[in-house]
$ cat upload_28.cif   # mmCIF, C-alpha atoms and all ligand atoms
data_my_file
#
loop_
_atom_site.label_atom_id
_atom_site.label_comp_id
_atom_site.auth_asym_id
_atom_site.auth_seq_id
_atom_site.Cartn_x
_atom_site.Cartn_y
_atom_site.Cartn_z
CA MET P 1 -8.87 17.54 5.09
CA LYS P 2 -11.84 19.60 3.82
CA MET P 3 -14.17 17.73 1.46
CA ASN P 4 -14.40 19.40 -1.96
CA LEU P 5 -17.47 17.98 -3.70
CA SER P 6 -16.60 19.32 -7.15
CA ASN P 7 -13.26 17.43 -6.99
CA ILE P 8 -15.12 14.23 -6.11
CA LYS P 9 -17.56 14.77 -8.99
CA LYS P 10 -14.67 15.30 -11.39
CA ALA P 11 -13.07 12.06 -10.14
CA LYS P 12 -16.37 10.23 -10.63
CA LYS P 13 -16.76 11.49 -14.19
CA LEU P 14 -13.28 10.34 -15.20
CA LEU P 15 -13.71 6.94 -13.56
CA CYS P 16 -17.08 6.43 -15.29
CA ASN P 17 -15.24 7.13 -18.57
CA ARG P 18 -12.87 4.26 -17.68
CA GLU P 19 -9.95 6.59 -17.01
CA CYS P 20 -7.29 6.10 -14.30
CA ILE P 21 -6.90 8.65 -11.53
CA ALA P 22 -5.01 8.80 -8.23
CA ILE P 23 -7.01 8.65 -5.00
CA PRO P 24 -5.96 9.35 -1.41
CA THR P 25 -6.19 6.65 1.24
CA GLU P 26 -5.03 6.50 4.84
CA THR P 27 -2.29 3.99 3.90
CA VAL P 28 -0.82 5.33 0.62
CA TYR P 29 -2.25 6.96 -2.54
CA GLY P 30 -3.84 4.52 -5.00
CA LEU P 31 -3.93 4.44 -8.80
CA ALA P 32 -7.62 3.80 -9.34
CA GLY P 33 -9.85 2.53 -12.13
CA ASN P 34 -13.22 0.82 -12.56
CA ALA P 35 -12.62 -2.76 -11.34
CA TYR P 36 -15.36 -4.05 -13.67
CA SER P 37 -13.73 -2.57 -16.77
CA ASP P 38 -10.95 -4.39 -18.64
CA ARG P 39 -9.93 -1.16 -20.34
CA ALA P 40 -9.52 0.78 -17.07
CA CYS P 41 -7.56 -2.09 -15.47
CA GLU P 42 -5.26 -2.44 -18.49
CA LYS P 43 -4.44 1.26 -18.08
CA ILE P 44 -3.42 0.76 -14.45
CA TYR P 45 -0.92 -1.98 -15.37
CA LYS P 46 0.46 0.10 -18.21
CA LEU P 47 0.88 3.26 -16.13
CA LYS P 48 2.56 1.43 -13.26
CA LYS P 49 4.59 -0.82 -15.59
CA ARG P 50 3.36 -3.60 -13.33
CA PRO P 51 3.86 -7.24 -14.35
CA LYS P 52 0.52 -8.72 -15.47
CA ASN P 53 0.86 -11.65 -13.06
CA ASN P 54 0.76 -9.33 -10.02
CA PRO P 55 -2.94 -8.91 -9.13
CA LEU P 56 -4.53 -5.63 -8.00
CA ILE P 57 -6.30 -4.76 -4.74
CA VAL P 58 -9.96 -3.78 -5.13
CA HIS P 59 -11.51 -1.08 -2.92
CA TYR P 60 -15.15 -1.32 -1.81
CA PHE P 61 -17.49 1.03 0.03
CA ASN P 62 -18.97 -1.66 2.28
CA ILE P 63 -19.63 -5.35 2.86
CA LEU P 64 -22.99 -5.24 1.08
CA ARG P 65 -21.34 -4.29 -2.20
CA LEU P 66 -18.46 -6.73 -1.66
CA LYS P 67 -20.90 -9.62 -1.35
CA LYS P 68 -21.81 -9.24 -5.03
CA ASP P 69 -18.28 -10.31 -5.97
CA CYS P 70 -16.80 -12.42 -3.13
CA HIS P 71 -17.63 -15.23 -0.73
CA ILE P 72 -17.25 -14.16 2.90
CA ASN P 73 -16.82 -16.18 6.11
CA ASN P 74 -16.97 -15.73 9.90
CA ASP P 75 -13.33 -14.65 10.30
CA PHE P 76 -13.91 -11.98 7.67
CA ILE P 77 -17.04 -10.68 9.42
CA LYS P 78 -15.20 -10.43 12.79
CA LEU P 79 -12.30 -8.49 11.28
CA TYR P 80 -14.57 -6.34 9.12
CA LYS P 81 -16.64 -5.29 12.13
CA LYS P 82 -13.58 -4.36 14.15
CA PHE P 83 -11.18 -2.81 11.63
CA CYS P 84 -13.11 -1.64 8.58
CA PRO P 85 -12.88 0.81 7.09
CA GLY P 86 -9.15 0.66 7.77
CA PRO P 87 -5.64 -0.54 6.80
CA ILE P 88 -6.40 -4.24 6.28
CA THR P 89 -6.72 -6.16 2.98
CA PHE P 90 -8.46 -9.54 2.76
CA ILE P 91 -7.87 -12.33 0.27
CA LEU P 92 -11.22 -13.95 -0.47
CA ASP P 93 -12.71 -16.36 -3.02
CA LEU P 94 -14.37 -14.75 -6.01
CA LYS P 95 -17.98 -15.64 -6.81
CA LYS P 96 -18.58 -17.17 -10.24
CA SER P 97 -21.10 -14.40 -10.91
CA SER P 98 -18.57 -11.65 -10.07
CA LYS P 99 -18.13 -8.87 -12.62
CA ILE P 100 -14.51 -8.17 -11.59
CA SER P 101 -12.25 -7.78 -14.65
CA LYS P 102 -10.17 -10.86 -15.44
CA ILE P 103 -7.26 -8.49 -16.05
CA ILE P 104 -7.07 -7.86 -12.28
CA THR P 105 -7.09 -11.43 -11.13
CA ASN P 106 -4.93 -12.87 -13.88
CA LYS P 107 -7.54 -15.66 -14.16
CA LYS P 108 -7.14 -16.55 -10.46
CA SER P 109 -10.18 -17.38 -8.35
CA THR P 110 -9.19 -15.08 -5.48
CA LEU P 111 -9.44 -11.33 -4.92
CA ALA P 112 -7.64 -8.90 -2.58
CA VAL P 113 -10.22 -6.47 -1.14
CA ARG P 114 -10.05 -3.44 1.11
CA PHE P 115 -12.32 -0.77 2.61
CA PRO P 116 -10.32 2.46 2.81
CA GLN P 117 -11.01 4.86 5.66
CA HIS P 118 -10.07 8.17 4.04
CA SER P 119 -13.26 10.30 4.07
CA ILE P 120 -12.81 11.71 0.54
CA THR P 121 -12.28 8.30 -1.03
CA ARG P 122 -15.17 6.85 0.98
CA LYS P 123 -17.43 9.57 -0.39
CA LEU P 124 -16.24 8.74 -3.91
CA LEU P 125 -16.77 4.98 -3.46
CA LYS P 126 -20.25 5.63 -2.09
CA ILE P 127 -21.43 7.43 -5.23
CA LEU P 128 -19.84 5.02 -7.73
CA GLU P 129 -21.67 2.01 -9.09
CA PHE P 130 -18.52 -0.07 -9.26
CA PRO P 131 -15.59 -0.87 -6.93
CA LEU P 132 -12.14 0.59 -7.61
CA ALA P 133 -9.07 -1.42 -8.51
CA ALA P 134 -6.34 0.63 -6.87
CA PRO P 135 -2.78 -0.58 -6.36
CA SER P 136 -0.34 1.89 -4.84
CA ALA P 137 0.19 4.96 -7.04
CA ASN P 138 3.89 4.48 -7.81
CA PRO P 139 5.84 2.92 -10.67
CA SER P 140 6.24 -0.80 -10.03
CA SER P 141 9.00 -1.67 -7.49
CA ARG P 142 9.39 1.93 -6.26
CA VAL P 143 8.47 3.79 -3.05
CA SER P 144 4.74 4.35 -2.55
CA ALA P 145 3.25 7.85 -2.69
CA VAL P 146 1.88 9.45 0.48
CA THR P 147 1.00 12.90 -0.95
CA SER P 148 -0.51 14.18 -4.21
CA THR P 149 2.87 15.80 -4.95
CA ASP P 150 4.58 12.38 -4.75
CA VAL P 151 2.11 11.02 -7.33
CA LYS P 152 2.58 14.00 -9.66
CA GLU P 153 6.37 13.70 -9.40
CA ASP P 154 6.19 10.00 -10.32
CA PHE P 155 3.68 10.17 -13.18
CA GLY P 156 3.55 13.78 -14.39
CA LYS P 157 0.97 14.32 -17.12
CA LYS P 158 0.55 10.59 -17.72
CA ILE P 159 -2.08 10.58 -15.00
CA LYS P 160 -5.38 12.33 -15.80
CA TYR P 161 -6.23 13.56 -12.31
CA VAL P 162 -5.03 13.35 -8.71
CA LEU P 163 -7.81 13.65 -6.15
CA GLU P 164 -6.30 15.76 -3.35
CA GLY P 165 -6.58 14.25 0.11
CA GLY P 166 -3.60 15.60 2.07
CA LYS P 167 -0.88 13.40 3.49
CA SER P 168 -1.79 9.76 4.15
CA SER P 169 -2.32 9.42 7.90
CA ILE P 170 -0.76 5.94 8.22
CA GLY P 171 1.75 6.28 5.39
CA ILE P 172 2.48 2.58 4.88
CA GLU P 173 0.54 -0.09 2.95
CA SER P 174 -2.24 -2.23 4.41
CA THR P 175 -1.72 -5.56 6.17
CA ILE P 176 -2.80 -8.39 3.86
CA VAL P 177 -4.51 -11.39 5.43
CA ASP P 178 -5.55 -14.48 3.49
CA LEU P 179 -8.82 -15.66 5.04
CA ARG P 180 -9.76 -18.47 2.70
CA LYS P 181 -8.74 -21.30 5.03
CA LYS P 182 -6.51 -20.97 8.09
CA PRO P 183 -5.83 -17.19 8.31
CA GLN P 184 -2.35 -16.21 7.17
CA ILE P 185 -0.57 -12.88 6.84
CA LEU P 186 0.73 -12.27 3.30
CA ARG P 187 2.11 -8.78 3.90
CA LEU P 188 2.91 -6.86 7.07
CA GLY P 189 1.39 -3.39 7.09
CA GLY P 190 -0.55 -0.61 8.77
CA LEU P 191 -2.41 -2.92 11.18
CA ASN P 192 -0.36 -4.96 13.66
CA ILE P 193 -0.79 -8.74 13.63
CA SER P 194 -1.40 -8.75 17.39
CA ASN P 195 -4.63 -6.77 16.86
CA ILE P 196 -5.83 -9.31 14.30
CA GLN P 197 -4.91 -12.25 16.54
CA LYS P 198 -6.82 -10.72 19.44
CA ILE P 199 -10.04 -10.54 17.44
CA LEU P 200 -9.72 -13.99 15.84
CA ARG P 201 -8.48 -15.46 19.15
CA LYS P 202 -5.79 -17.48 17.40
CA LYS P 203 -2.18 -17.21 16.41
CA ILE P 204 -1.62 -16.28 12.78
CA SER P 205 1.44 -17.22 10.79
CA ILE P 206 3.25 -15.05 8.27
CA ASN P 207 3.24 -17.02 5.06
CA ASN P 208 6.17 -16.04 2.88
CA LYS P 209 5.90 -19.16 0.76
CA SER P 210 2.39 -18.36 -0.37
CA LEU P 211 3.44 -14.76 -0.98
CA LYS P 212 5.97 -16.01 -3.46
CA ILE P 213 3.24 -17.78 -5.39
CA SER P 214 0.38 -15.37 -5.11
CA SER P 215 2.08 -11.99 -4.82
CA PRO P 216 5.11 -12.06 -7.08
CA GLY P 217 5.69 -8.33 -6.74
CA GLN P 218 6.36 -8.73 -3.05
CA PHE P 219 9.48 -10.80 -3.40
CA LYS P 220 11.49 -8.84 -5.89
CA VAL P 221 12.98 -5.43 -5.31
CA HIS P 222 10.22 -3.28 -3.90
CA TYR P 223 9.61 0.05 -2.16
CA SER P 224 12.95 1.29 -3.53
CA PRO P 225 13.80 5.01 -3.66
CA GLY P 226 16.23 4.19 -6.50
CA LEU P 227 19.32 4.23 -4.27
CA PRO P 228 21.39 1.50 -2.60
CA ILE P 229 20.36 0.96 1.04
CA ARG P 230 22.64 -0.44 3.76
CA LEU P 231 20.81 -1.93 6.76
CA ASN P 232 21.82 -2.05 10.48
CA ALA P 233 24.49 0.60 9.89
CA LYS P 234 26.45 1.76 12.96
CA LYS P 235 28.45 4.34 11.03
CA ILE P 236 28.22 6.04 7.68
CA TYR P 237 30.52 6.50 4.70
CA LYS P 238 31.18 9.49 2.48
CA GLY P 239 28.20 10.51 0.31
CA GLU P 240 25.71 8.51 2.38
CA ALA P 241 22.59 9.77 4.12
CA TYR P 242 22.00 8.35 7.62
CA LEU P 243 18.44 7.35 8.48
CA LEU P 244 17.90 7.09 12.24
CA ILE P 245 14.92 5.96 14.28
CA ARG P 246 15.20 8.62 16.98
CA LYS P 247 16.07 12.34 16.83
CA LYS P 248 19.60 13.15 17.98
CA LYS P 249 20.99 16.46 19.07
CA VAL P 250 23.29 16.81 16.09
CA ASN P 251 23.17 19.38 13.37
CA LYS P 252 24.22 17.37 10.33
CA SER P 253 22.62 17.83 6.93
CA ASN P 254 23.00 14.13 6.07
CA TYR P 255 21.11 12.86 9.18
CA PHE P 256 17.37 12.10 8.83
CA PHE P 257 15.09 11.12 11.71
CA LEU P 258 12.12 8.79 11.38
CA SER P 259 10.66 9.84 14.72
CA LYS P 260 11.22 12.32 17.55
CA LYS P 261 11.39 9.77 20.34
CA GLY P 262 11.70 6.42 18.56
CA ASN P 263 7.94 5.87 18.19
CA LEU P 264 7.60 3.09 15.61
CA LYS P 265 4.15 4.11 14.31
CA GLU P 266 5.40 7.64 13.67
CA ALA P 267 8.53 6.18 12.04
CA ALA P 268 6.44 4.04 9.65
CA LYS P 269 4.45 7.11 8.69
CA ASN P 270 7.61 9.10 7.86
CA LEU P 271 9.54 6.31 6.11
CA TYR P 272 8.52 6.90 2.47
CA THR P 273 8.64 10.69 2.76
CA LEU P 274 12.22 10.54 4.04
CA LEU P 275 13.34 7.99 1.42
CA ARG P 276 12.01 10.30 -1.29
CA LYS P 277 13.59 13.38 0.35
CA ILE P 278 17.02 11.71 0.56
CA LYS P 279 16.86 10.70 -3.11
CA LYS P 280 15.94 14.28 -4.12
CA LYS P 281 18.83 15.75 -2.13
CA GLY P 282 21.27 13.80 -4.30
CA PHE P 283 22.88 11.38 -1.80
CA ASN P 284 24.35 8.33 -3.49
CA SER P 285 23.22 5.79 -0.91
CA ILE P 286 21.37 5.40 2.41
CA ALA P 287 22.68 3.87 5.64
CA VAL P 288 19.87 2.87 8.01
CA CYS P 289 20.34 2.28 11.74
CA LYS P 290 18.99 -0.93 13.33
CA ILE P 291 15.20 -0.66 13.68
CA PRO P 292 13.64 -2.51 16.68
CA HIS P 293 11.93 -5.65 15.33
CA ARG P 294 8.58 -5.32 17.08
CA GLY P 295 5.14 -3.90 16.22
CA TYR P 296 5.38 -1.41 13.34
CA GLY P 297 9.16 -1.94 13.40
CA LYS P 298 8.53 -5.31 11.70
CA THR P 299 6.68 -3.57 8.86
CA ILE P 300 9.47 -0.98 8.51
CA ASN P 301 12.12 -3.74 8.42
CA ASP P 302 10.10 -5.66 5.81
CA ARG P 303 9.99 -2.60 3.51
CA LEU P 304 13.66 -1.70 4.07
CA LEU P 305 14.82 -5.24 3.38
CA ARG P 306 13.00 -5.30 0.03
CA ALA P 307 14.20 -1.78 -0.80
CA SER P 308 17.79 -2.80 0.04
CA ARG P 309 17.72 -5.39 -2.78
CA TYR P 310 17.93 -2.48 -5.19
CA ASN P 311 20.58 -2.93 -7.79
CA GLU P 312 21.06 -0.31 -10.47
CA LYS P 313 21.21 -3.02 -13.13
CA THR P 314 17.73 -4.30 -12.25
CA THR P 315 15.89 -1.03 -12.69
P1 LIG X 1 -0.23 -2.76 -4.08
O1 LIG X 1 -0.64 -3.16 -5.44
O2 LIG X 1 1.03 -2.01 -4.06
O3 LIG X 1 -1.34 -2.09 -3.37
O4 LIG X 1 0.03 -4.10 -3.31
C1 LIG X 1 -0.96 -5.08 -3.33
C2 LIG X 1 -0.37 -6.40 -3.05
O5 LIG X 1 -1.44 -7.33 -2.90
C3 LIG X 1 0.49 -6.86 -4.20
O6 LIG X 1 1.74 -7.28 -3.76
C4 LIG X 1 -0.28 -8.03 -4.77
O7 LIG X 1 0.59 -9.02 -5.25
C5 LIG X 1 -1.11 -8.50 -3.59
N1 LIG X 1 -2.33 -9.17 -4.06
C6 LIG X 1 -3.30 -8.64 -4.84
N2 LIG X 1 -4.24 -9.57 -5.13
C7 LIG X 1 -3.87 -10.70 -4.51
C8 LIG X 1 -4.42 -12.04 -4.43
N3 LIG X 1 -5.55 -12.37 -5.05
N4 LIG X 1 -3.73 -12.95 -3.71
C9 LIG X 1 -2.58 -12.61 -3.08
N5 LIG X 1 -2.00 -11.38 -3.11
C10 LIG X 1 -2.63 -10.44 -3.82
MG MG X 2 2.68 -1.22 -4.07
#

$ encode --input "upload_28.cif" --output "structure tokens"
Amino acid sequence: MKMNLSNIKKAKKLLCNRECIAIPTETVYGLAGNAYSDRACEKIYKLKKRPKNNPLIVHYFNILRLKKDCHINNDFIKLYKKFCPGPITFILDLKKSSKISKIITNKKSTLAVRFPQHSITRKLLKILEFPLAAPSANPSSRVSAVTSTDVKEDFGKKIKYVLEGGKSSIGIESTIVDLRKKPQILRLGGLNISNIQKILRKKISINNKSLKISSPGQFKVHYSPGLPIRLNAKKIYKGEAYLLIRKKKVNKSNYFFLSKKGNLKEAAKNLYTLLRKIKKKGFNSIAVCKIPHRGYGKTINDRLLRASRYNEKTT
């Protein structure tokens, strides 16, 4: 994606005025605001209709700037050196002297931090004097946005500006790892756990219990296209779209393929685009084939399970 400096300057100006804008990242688009400003952070919650007890991820340019706000440790340094910038989010302890808005943390003493890889957003972060609070740019509980068009369709004129950055190259949210004590995964995502384990040289558990406490948004309906979803479907019913992992030689307008040859990374990248496409085409529900439960397949299954809890009465 070509870097357009006047777009980045426009984004900077709005952010310095404590406005909210959408920014591209390699995982999904983010809804960004000055993480030191209560007013900007309030706007993010309002736009997303996000419950106030669900904290926001904060995006930094580098470790030097992060150190002003958070305590770091050896595990963090190892993972930072290997994977950052990239699709990994760390839960760290906030410093007492941190200027991070209390609106973000909901008075908690921890912060979720990330260093996005997308070159346009990195350029923006570099020239800003504050980090960016940026949860995914979608209304709370719905499918994340992987293009600027997705963001515009979800928010229309409510959002002041969308910084164009093409399609997100990973297309699924970051992996969240809590590094405060014994490392634990809080959310599966764009970086496989095996890569993290290799660098830390220890096995890491997936902590659903702590997720329930610290990330309330994760447990309810999430990532939903606004349609019922049926998992592990071997056949389909009338009016349903069929989402398959591998391309088949059939010419049916209700069949959608996550990948050409069953590649799970490619499938994760296409997941949200296809969920949005199926919704737009007017199907009344989605049947999904069994997705292999390994590597990125685990992340896909995590998202589909949460999306399948959709119930028209709850939204
Ligand atoms: P999103 O806002 O869509 O980018 O997702 C970010 C996820 O990180 C949300 O589910 C939050 O609940 C979670 N999160 C943010 N801050 C923290 C924190 N301090 N501790 C645990 N989880 C967090
Ligand atoms: Mg989200």

$ closest_residue --input "upload_28.cif" --among "P:Leu124, P:Leu179, P:Ala134, P:Ala32" --to "ligand LIG 1 (chain X)" --atoms "all atoms listed in the file"
P:Ala134

$ residues_around --input "upload_28.cif" --residues "Tyr60 in chain P" --least-positions-apart "5" --cutoff "10 Å" --atoms "all atoms listed in the file" --output "CSV table (one decimal) with C-alpha atoms, keeping the file's coordinate frame"
chain,number,residue,atom,x,y,z
P,35,ALA,CA,-12.6,-2.8,-11.3
P,65,ARG,CA,-21.3,-4.3,-2.2
P,66,LEU,CA,-18.5,-6.7,-1.7
P,85,PRO,CA,-12.9,0.8,7.1
P,113,VAL,CA,-10.2,-6.5,-1.1
P,114,ARG,CA,-10.0,-3.4,1.1
P,115,PHE,CA,-12.3,-0.8,2.6
P,116,PRO,CA,-10.3,2.5,2.8
P,122,ARG,CA,-15.2,6.8,1.0
P,125,LEU,CA,-16.8,5.0,-3.5
P,126,LYS,CA,-20.2,5.6,-2.1
P,128,LEU,CA,-19.8,5.0,-7.7
P,130,PHE,CA,-18.5,-0.1,-9.3
P,131,PRO,CA,-15.6,-0.9,-6.9
P,132,LEU,CA,-12.1,0.6,-7.6
P,133,ALA,CA,-9.1,-1.4,-8.5

$ atom_distance --input "upload_28.cif" --atom1 "CA of Pro228 in chain P" --atom2 "CA of Asn207 in chain P"
27.0 Å

$ closest_residue --input "upload_28.cif" --among "P:Leu94, P:Ala112, P:Cys41, P:Leu47" --to "ligand LIG 1 (chain X)" --atoms "only C-alpha atoms and all ligand atoms"
P:Ala112

$ closest_residue --input "upload_28.cif" --among "P:Lys67, P:Ser224, P:Thr121, P:Gln197" --to "ligand MG 2 (chain X)" --atoms "only C-alpha atoms and all ligand atoms"
P:Ser224

$ residues_around --input "upload_28.cif" --residues "range 255-259 of chain P" --least-positions-apart "4" --cutoff "9 Å" --atoms "all atoms listed in the file" --output "list in words"
Ala241, Tyr242, Leu243, Leu244, Ile245, Arg246, Lys247, Lys248, Val250, Asn251, Asn263, Leu264, Lys265, Glu266, Ala267, Ala268, Lys269, Asn270, Leu271, Leu274 and Ile278 of chain P

$ closest_atom_pairs --input "upload_28.cif" --of "chain P" --to "ligand MG 2 (chain X)" --cutoff "8 Å" --atoms "all atoms listed in the file" --output "JSON lines"
{"residue": "P:Pro135", "atom": "CA", "partner": "X:MG2", "partner_atom": "MG", "distance": 6.0}
{"residue": "P:Ser136", "atom": "CA", "partner": "X:MG2", "partner_atom": "MG", "distance": 4.4}
{"residue": "P:Ala137", "atom": "CA", "partner": "X:MG2", "partner_atom": "MG", "distance": 7.3}
{"residue": "P:Asn138", "atom": "CA", "partner": "X:MG2", "partner_atom": "MG", "distance": 6.9}
{"residue": "P:Ser140", "atom": "CA", "partner": "X:MG2", "partner_atom": "MG", "distance": 7.0}
{"residue": "P:Ser141", "atom": "CA", "partner": "X:MG2", "partner_atom": "MG", "distance": 7.2}
{"residue": "P:Arg142", "atom": "CA", "partner": "X:MG2", "partner_atom": "MG", "distance": 7.7}
{"residue": "P:Val143", "atom": "CA", "partner": "X:MG2", "partner_atom": "MG", "distance": 7.7}
{"residue": "P:Ser144", "atom": "CA", "partner": "X:MG2", "partner_atom": "MG", "distance": 6.1}
{"residue": "P:Glu173", "atom": "CA", "partner": "X:MG2", "partner_atom": "MG", "distance": 7.4}
{"residue": "P:His222", "atom": "CA", "partner": "X:MG2", "partner_atom": "MG", "distance": 7.8}
{"residue": "P:Tyr223", "atom": "CA", "partner": "X:MG2", "partner_atom": "MG", "distance": 7.3}

$ closest_residue --input "upload_28.cif" --among "P:Asn34, P:Thr273, P:Asn54, P:Asn62" --to "ligand LIG 1 (chain X)" --atoms "only C-alpha atoms and all ligand atoms"
P:Asn54

$ atom_distance --input "upload_28.cif" --atom1 "CA of Ile88 in chain P" --atom2 "CA of Lys198 in chain P"
14.7 Å

$ closest_residue --input "upload_28.cif" --among "P:Lys249, P:Lys260, P:Arg303, P:His118" --to "ligand LIG 1 (chain X)" --atoms "all atoms listed in the file"
P:Arg303

$ closest_residue --input "upload_28.cif" --among "P:Leu56, P:Leu227, P:Val28, P:Ile21" --to "Ile103 in chain P" --atoms "all atoms listed in the file"
P:Leu56

$ residues_around --input "upload_28.cif" --residues "Lys202 in chain P" --least-positions-apart "5" --cutoff "10 Å" --atoms "all atoms listed in the file" --output "MDAnalysis selection string"
chainID P and resid 182:183 194 196:197

$ axis_aligned_box --input "upload_28.cif" --around "ligand LIG 1 (chain X)" --padding-each-side "8 Å" --output "JSON"
{"center_x": -1.9, "center_y": -7.5, "center_z": -4.2, "size_x": 23.3, "size_y": 26.9, "size_z": 18.5}

$ atom_distance --input "upload_28.cif" --atom1 "CA of Pro225 in chain P" --atom2 "CA of Phe283 in chain P"
11.2 Å

$ residues_near_point --input "upload_28.cif" --point "(-15.1, -16.1, 9.3)" --cutoff "12 Å" --atoms "all atoms listed in the file" --output "PyMOL selection string"
chain P and resi 71-81+90+92+178-183+199-201

$ residues_around --input "upload_28.cif" --residues "Leu188 in chain P" --least-positions-apart "2" --cutoff "10 Å" --atoms "all atoms listed in the file" --output "MDAnalysis selection string"
chainID P and resid 88 172:177 185:186 190:193 206 295:296 298:303

$ write_last_selection --input "upload_28.cif" --atoms "C-alpha atoms" --output "PDB file, keeping the file's coordinate frame"
ATOM      1  CA  ILE P  88      -6.400  -4.240   6.280  1.00  0.00           C
ATOM      2  CA  ILE P 172       2.480   2.580   4.880  1.00  0.00           C
ATOM      3  CA  GLU P 173       0.540  -0.090   2.950  1.00  0.00           C
ATOM      4  CA  SER P 174      -2.240  -2.230   4.410  1.00  0.00           C
ATOM      5  CA  THR P 175      -1.720  -5.560   6.170  1.00  0.00           C
ATOM      6  CA  ILE P 176      -2.800  -8.390   3.860  1.00  0.00           C
ATOM      7  CA  VAL P 177      -4.510 -11.390   5.430  1.00  0.00           C
ATOM      8  CA  ILE P 185      -0.570 -12.880   6.840  1.00  0.00           C
ATOM      9  CA  LEU P 186       0.730 -12.270   3.300  1.00  0.00           C
ATOM     10  CA  GLY P 190      -0.550  -0.610   8.770  1.00  0.00           C
ATOM     11  CA  LEU P 191      -2.410  -2.920  11.180  1.00  0.00           C
ATOM     12  CA  ASN P 192      -0.360  -4.960  13.660  1.00  0.00           C
ATOM     13  CA  ILE P 193      -0.790  -8.740  13.630  1.00  0.00           C
ATOM     14  CA  ILE P 206       3.250 -15.050   8.270  1.00  0.00           C
ATOM     15  CA  GLY P 295       5.140  -3.900  16.220  1.00  0.00           C
ATOM     16  CA  TYR P 296       5.380  -1.410  13.340  1.00  0.00           C
ATOM     17  CA  LYS P 298       8.530  -5.310  11.700  1.00  0.00           C
ATOM     18  CA  THR P 299       6.680  -3.570   8.860  1.00  0.00           C
ATOM     19  CA  ILE P 300       9.470  -0.980   8.510  1.00  0.00           C
ATOM     20  CA  ASN P 301      12.120  -3.740   8.420  1.00  0.00           C
ATOM     21  CA  ASP P 302      10.100  -5.660   5.810  1.00  0.00           C
ATOM     22  CA  ARG P 303       9.990  -2.600   3.510  1.00  0.00           C
TER      23      ARG P 303
END

$ residues_around --input "upload_28.cif" --residues "Lys46 in chain P" --least-positions-apart "3" --cutoff "12 Å" --atoms "all atoms listed in the file" --output "count of residues only"
18

$ build_atoms --input "upload_28.cif" --residues "range 26-39 of chain P" --atoms "N, CA and C atoms" --output "JSON list (two decimals), in the coordinates of the input"
[["chain", "number", "residue", "atom", "x", "y", "z"],
["P", 26, "GLU", "N", -5.76, 6.31, 3.59],
["P", 26, "GLU", "CA", -5.03, 6.50, 4.84],
["P", 26, "GLU", "C", -3.70, 5.74, 4.83],
["P", 27, "THR", "N", -3.58, 4.72, 3.95],
["P", 27, "THR", "CA", -2.29, 3.99, 3.90],
["P", 27, "THR", "C", -1.36, 4.73, 2.94],
["P", 28, "VAL", "N", -1.60, 4.59, 1.63],
["P", 28, "VAL", "CA", -0.82, 5.33, 0.62],
["P", 28, "VAL", "C", -1.80, 5.73, -0.49],
["P", 29, "TYR", "N", -1.36, 6.59, -1.42],
["P", 29, "TYR", "CA", -2.25, 6.96, -2.54],
["P", 29, "TYR", "C", -2.40, 5.74, -3.47],
["P", 30, "GLY", "N", -3.58, 5.62, -4.09],
["P", 30, "GLY", "CA", -3.84, 4.52, -5.00],
["P", 30, "GLY", "C", -4.03, 5.01, -6.43],
["P", 31, "LEU", "N", -3.71, 4.13, -7.38],
["P", 31, "LEU", "CA", -3.93, 4.44, -8.80],
["P", 31, "LEU", "C", -5.20, 3.70, -9.19],
["P", 32, "ALA", "N", -6.32, 4.45, -9.32],
["P", 32, "ALA", "CA", -7.62, 3.80, -9.34],
["P", 32, "ALA", "C", -8.28, 3.76, -10.71],
["P", 33, "GLY", "N", -9.04, 2.68, -10.92],
["P", 33, "GLY", "CA", -9.85, 2.53, -12.13],
["P", 33, "GLY", "C", -11.02, 1.61, -11.83],
["P", 34, "ASN", "N", -12.03, 1.66, -12.70],
["P", 34, "ASN", "CA", -13.22, 0.82, -12.56],
["P", 34, "ASN", "C", -12.82, -0.67, -12.57],
["P", 35, "ALA", "N", -13.06, -1.36, -11.47],
["P", 35, "ALA", "CA", -12.62, -2.76, -11.34],
["P", 35, "ALA", "C", -13.44, -3.71, -12.21],
["P", 36, "TYR", "N", -14.56, -3.21, -12.78],
["P", 36, "TYR", "CA", -15.36, -4.05, -13.67],
["P", 36, "TYR", "C", -14.98, -3.84, -15.14],
["P", 37, "SER", "N", -14.07, -2.91, -15.38],
["P", 37, "SER", "CA", -13.73, -2.57, -16.77],
["P", 37, "SER", "C", -12.33, -3.07, -17.16],
["P", 38, "ASP", "N", -12.26, -3.91, -18.17],
["P", 38, "ASP", "CA", -10.95, -4.39, -18.64],
["P", 38, "ASP", "C", -10.08, -3.21, -19.09],
["P", 39, "ARG", "N", -10.71, -2.27, -19.79],
["P", 39, "ARG", "CA", -9.93, -1.16, -20.34],
["P", 39, "ARG", "C", -9.28, -0.33, -19.22]]
